[in-house]
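The structure appears right after this line, and notes come after that.
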Amino acid sequence: MARRPWRTALGVTLAAALALSGCAAGREPHGGGSGTPKTGGTVRFAMPPSATPNWIMPFSIPGYGGSYNAMIRSAMYVPLYNYDGSSGSVTLDDAASAANPPRYSPDGKTVTITLKPLTWATGEQLTSRDVEFWLNLAHAGKDNWGKYSKGLIPDSITGFHAVDDRTFTFTLDKAYNPDWFTANQLSLIVPMPHAWDRTSAAGPVGDHDRTPDGAKQVFDFLVSQAKQLGTYGTNPLWKVVNGPFALAGFTTSGEVTLRKNPKYTGPDPAKLDTVRFLTFTSSSAEYNVLRAGGVDYGYLATSNLGQRSKLEEQGYRVEPWNGWSITYSPYNFNNPQLGKVFSQLYVRQAIQHAVDQDAITSVIWRGAARVGYGPVPQDNDTKYLSPKQKTNPYPFDLNKSKQLLADHGWKPGSDGVLLCADPAKCGEGIAEGTRLSLTMLTESGSDETDGTMQELRSELSKAGIEMKINAQPLNTVLANGTTCKPTDPSCSWQLSYFGTQGSWYFSANPSGEELFATGAGTNFGGYTDPKADKLIAATNLASDNGAMLEYSAYLAEQLPVLWLPNPPYQVSAIDTALHGVTQDPMAGLLPQRWFWTR
């Protein structure tokens with residue numbers, strides 16, 4: 001069905017006026033519906049506050065890893081394997097996957113995979129060659145791939161053999177836990193069209209990827225194209241899709257329009273004609289448009305939960321979207337000013353003791369968030385959760401914070417901020433007079449983030465630690481809070497927070513190879529610990545949960561990051577006439593399954 005378009009999410013003036021005036025006649029109608037599915041129509045989906053999509057290439061490079069990028073991309077480029085947790089347990093979503101379930105050899109070192117009969121927009125079939133193309137580029141560009149962890153994919157795949165156009169085998173360097181390897185490794189593969197195998201826009205399509213130098217040139221070319229947001233809507237590269245949707249529009253401000261792909265041949269076709277992803281500078285701006293009826297699938301800040309009944313009367317259903325996730329603030333262990341300070345476990349313990357998670361969850365999030373004390377999710381499937389993480393090794397206790405710092409040579413300066421008075425006690429590399437004054441790089445536009453940061457700053461100040469707040473748009477935070485060397489100009493950040501929608505959404509298995517392993521692509525703070533590396537490696541191989549429980553306990557105690565409460569992805573407001581919506585804890589969207597009943 002056709003729906004009246006909303007001009008732009010950034011033009012909120014009219015919407016705000018309608019909402020504030022309370023003029024019901026000026027609002028778009030929502031709700032109702034016959035219950036009978038209708039073909040076609042448009043859905044307007046609200047992006048998180050200050051979040052603007054900025055990456056389309058199936059390889060996400062550091063700084064471009066927002067979950068909203070993956071939501072949009074997976075509707076156009078079908079991953080080899082997709083998982084979904086909306087049923088209550090995390091399982092393989094066969095219809096949203098590009099291949100049939102893998103078959104492992106008895107020794108676990110060979111994987112045979114058969115692709116589904118998907119078709120690219122060029123009319124060409126999805127073939128084994130498209131998987132080989134992805135694998136060759138992964139080898140060439142792994143050091144610039146945000147999902148790369150040394151020793152794992154693509155390193156773990158030592159051989160590729162095309163059996164026929166749709167069947168191929170991977171030879172592995174060792175026998176892994178098959179469930180983990182499928183869920184956390186094979187799911188990273190997104191077959192890419194061989195039509196992209198070129199080194200320049202005007203260059204010919206060839207087999208460049210079959211040599212290391214050629215593959216690197218292709219990878220670099222595609223990355224350069226993906227950085228040109230203003231060309232997304234017209235660049236012929238991004239029109240070659242195999243998913244239920246194709247890109248119909250992309251503005252430099254981040255508003256994205258997807259249109260049903262008429263050439264999709266898989267088992268999961270789109271029911272809607274169009275999905276529009278709207279951007280907002282703040283949660284209050286989004287709420288004004290929501291109240292005016294200009295959003296079909298939006299959200300409300302917890303400060304607006306008191307308005308729930310009004311939204312329900314307007315035709316929305318309100319429900320939290322909980323995440324298979326953790327939330328944290330990474331320390332920059334390579335920061336030239338405070339990296340050596342953060343490297344001291346006692347400092348991290350003192351800071352962690354100053355986090356009043358109960359107050360943040362109950363007051364700022366009004367009960368919508370859950371406490372988080374370690375590296376695995378605590379509010380979903382708890383089979384990976386150790387007793388140590390569950391019971392919180394570092395409860396809120398300012399006296400312990402103060403005592404830990406005093407015992408290690410820190411004394412208040414004239415302004416009350418602690419100074420290192422005894423370098424022998426403060427720790428290696430910490431000079432006398434070093435101030436415990438740190439800056440938190442944090443996302444802007446979120447009431448909950450603002451409240452969390454103010455609460456954290458207040459409690460830290462009571463322990464003698466100064467925390468300055470540097471609020472920036474979310475994409476700026478993601479781009480600037482990445483791995484660096486102490487001599488890099490980009491290494492000025494000290495702590496970073498991007499977690500109002502959760503800092504990290506896991507694959508099916510919440511192992512830490514992408515987050516906390518030495519050199520991992522999203523180990524933004526540069527944390528390194530040989531024991532942690534061994535435990536992470538063990539979780540990738542073990543067929544039981546013992547290694548995961550030990551990993552959970554160890555990192556809950558070692559504090560590679562500052563653990564913070566884990567919020568829901570959002571508290572959603574969804575038009576009651578919109579069906580097929582499943583709020584996947586893994587932050588998947590699957591808009592192809594949405595349909596109107598009005």
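Ordering of the structure tokens sets the chain letters (A, B, ...); residue numbers start at 1 within each chain; ligands are numbered from 1 in the order shown.
For A:Val90, the set of protein, DNA and RNA residues having any atom at most 9 Å away, when counting only C-alpha atoms and skipping those fewer than 2 positions along the same chain, is A:Tyr83, A:Asp84, A:Gly85, A:Ser86, A:Ser87, A:Gly88, A:Leu92, A:Asp381, A:Ser507, A:Ala508, A:Asn509, A:Pro585, A:Met586.
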Checklist entry - stretch 279-526 of chain A: which residues are helix (DSSP H, G or I) by DSSP, as a PyMOL selection string? => result chain A and resi 283-291+302-314+339-342+345-353+357-364+387-390+398-407+423-426+447-462+474-480+489-492
Next on the checklist: Measuring between only C-alpha atoms, which one of A:Gln125, A:Ser224, A:Thr576, A:Thr439 shows the shortest distance to A:Ile61?
Outcome noted: A:Ser224
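Shortest atom-to-atom contact with A:Gly230 among A:Phe168, A:Trp596, A:Phe250, A:Tyr527: A:Phe250, counting only C-alpha atoms.
Rounded to one decimal, atom CA of A:Tyr394 and atom CA of A:Ala520 lie 26.2 Å from each other.
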Next on the checklist: Report, in Å with one decimal, the straight-line distance from atom CA of A:Phe396 to atom CA of A:Pro568.
Outcome noted: 22.1 Å
Checklist entry - Of the candidates A:Phe160, A:Tyr384, A:Phe333, A:Trp180, which one gets nearest to A:Val131 if we count only C-alpha atoms? => result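 Closest candidate: A:Phe160.
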Checklist entry - Can you tell me, as a list in words, what residues are no more than 7 Å from A:Leu398 when counting only C-alpha atoms, ignoring any on the same chain fewer than 2 positions away? => result His353, Ala354, Phe396, Lys400, Ser401, Lys402 and Ala463 of chain A
Item to check | Non-local contacts of A:Gly298 (9 Å; only C-alpha atoms; under 6 positions in same chain excluded) as number ranges by chain | outcome: A: 44-48, 286-287, 290, 570-575
Next on the checklist: One number please: atom CA of A:Gly502 to atom CA of A:Ser50, in Å, one decimal.
Outcome noted: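 Atom-to-atom, atom CA of A:Gly502 and atom CA of A:Ser50 are spaced 14.6 Å apart.
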Next on the checklist: Run DSSP on the backbone and tell me which residues of stretch 367-479 of chain A come out as strand (DSSP E); list them as a list in words.
Outcome noted: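 Those in stretch 367-479 of chain A that DSSP calls strand (DSSP E) are Trp410, Lys411, Pro412, Leu418, Leu419, Cys420, Ser437, Leu438, Thr439, Met440, Leu441, Thr442, Glu443, Glu466, Met467, Lys468, Ile469, Asn470, Ala471 and Gln472 of chain A.
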Per-residue nearest contacts stretch 123-197 of chain A to stretch 535-541 of chain A, cut-off 9 Å, using only C-alpha atoms, as CSV:
```
residue,atom,partner,partner_atom,distance
A:Ala175,CA,A:Leu541,CA,7.4
A:Tyr176,CA,A:Leu541,CA,4.7
A:Asn177,CA,A:Leu541,CA,4.9
A:Pro178,CA,A:Leu541,CA,8.6
A:Trp180,CA,A:Asn540,CA,6.5
A:Phe181,CA,A:Asn540,CA,7.5
```
Next on the checklist: Calculated over only C-alpha atoms, which of the candidates A:Glu466, A:Asp533, A:Asp165, A:Asp94 has the smallest distance to A:Gly413?
Outcome noted: A:Glu466
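Proximity of A:Gly146, A:Gly315, A:Pro102, A:Pro336 to A:Ser490, computed with only C-alpha atoms, is greatest for A:Pro336.
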Next on the checklist: With distances taken over only C-alpha atoms, which residue among A:Gly159, A:Pro101, A:Gly323, A:Gly372 lies nearest A:Thr182?
Outcome noted: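 When distances to A:Thr182 are compared using only C-alpha atoms, the smallest one comes from A:Pro101.
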Checklist entry - Within 12 Å of stretch 209-220 of chain A, counting only C-alpha atoms, which residues qualify if same-chain residues fewer than 4 places away don't, as a ChimeraX atom specification? => result /A:57-61,129-145,160,192,194-201,203-205,224-227
Selected residues, C-alpha atoms, written as an mmCIF file, in the first residue's frame, please.
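Once everything was written out, this is part.cif:
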```
data_model
loop_
_atom_site.group_PDB
_atom_site.id
_atom_site.type_symbol
_atom_site.label_atom_id
_atom_site.label_comp_id
_atom_site.auth_asym_id
_atom_site.auth_seq_id
_atom_site.Cartn_x
_atom_site.Cartn_y
_atom_site.Cartn_z
ATOM 1 C CA MET A 57 31.050 -2.516 1.537
ATOM 2 C CA PRO A 58 30.736 -6.024 3.063
ATOM 3 C CA PHE A 59 34.167 -5.561 4.675
ATOM 4 C CA SER A 60 33.755 -3.012 7.483
ATOM 5 C CA ILE A 61 36.975 -1.164 8.281
ATOM 6 C CA ARG A 129 33.763 -17.838 -7.527
ATOM 7 C CA ASP A 130 32.045 -15.044 -5.559
ATOM 8 C CA VAL A 131 33.055 -16.725 -2.298
ATOM 9 C CA GLU A 132 36.619 -17.186 -3.560
ATOM 10 C CA PHE A 133 36.644 -13.476 -4.457
ATOM 11 C CA TRP A 134 35.630 -12.563 -0.889
ATOM 12 C CA LEU A 135 38.272 -14.888 0.573
ATOM 13 C CA ASN A 136 41.069 -13.507 -1.589
ATOM 14 C CA LEU A 137 40.184 -9.941 -0.612
ATOM 15 C CA ALA A 138 39.996 -10.968 3.041
ATOM 16 C CA HIS A 139 43.590 -12.232 2.838
ATOM 17 C CA ALA A 140 44.725 -9.055 1.092
ATOM 18 C CA GLY A 141 42.891 -6.574 3.298
ATOM 19 C CA LYS A 142 42.735 -8.335 6.647
ATOM 20 C CA ASP A 143 44.857 -5.727 8.433
ATOM 21 C CA ASN A 144 42.260 -3.108 7.495
ATOM 22 C CA TRP A 145 39.225 -5.279 8.274
ATOM 23 C CA PHE A 160 39.667 -23.299 -1.209
ATOM 24 C CA MET A 192 30.706 -10.452 -3.227
ATOM 25 C CA HIS A 194 32.891 -10.960 -9.233
ATOM 26 C CA ALA A 195 31.744 -7.846 -11.139
ATOM 27 C CA TRP A 196 33.610 -5.879 -8.432
ATOM 28 C CA ASP A 197 36.940 -7.508 -9.364
ATOM 29 C CA ARG A 198 38.496 -4.358 -10.778
ATOM 30 C CA THR A 199 41.259 -2.001 -9.675
ATOM 31 C CA SER A 200 39.672 1.252 -10.853
ATOM 32 C CA ALA A 201 36.270 2.550 -11.850
ATOM 33 C CA GLY A 203 39.275 -0.662 -15.382
ATOM 34 C CA PRO A 204 38.157 -4.044 -16.726
ATOM 35 C CA VAL A 205 36.664 -6.810 -14.602
ATOM 36 C CA SER A 224 38.072 4.125 -1.622
ATOM 37 C CA GLN A 225 34.676 3.851 -3.307
ATOM 38 C CA ALA A 226 32.956 2.983 -0.016
ATOM 39 C CA LYS A 227 34.362 6.132 1.581
#
```
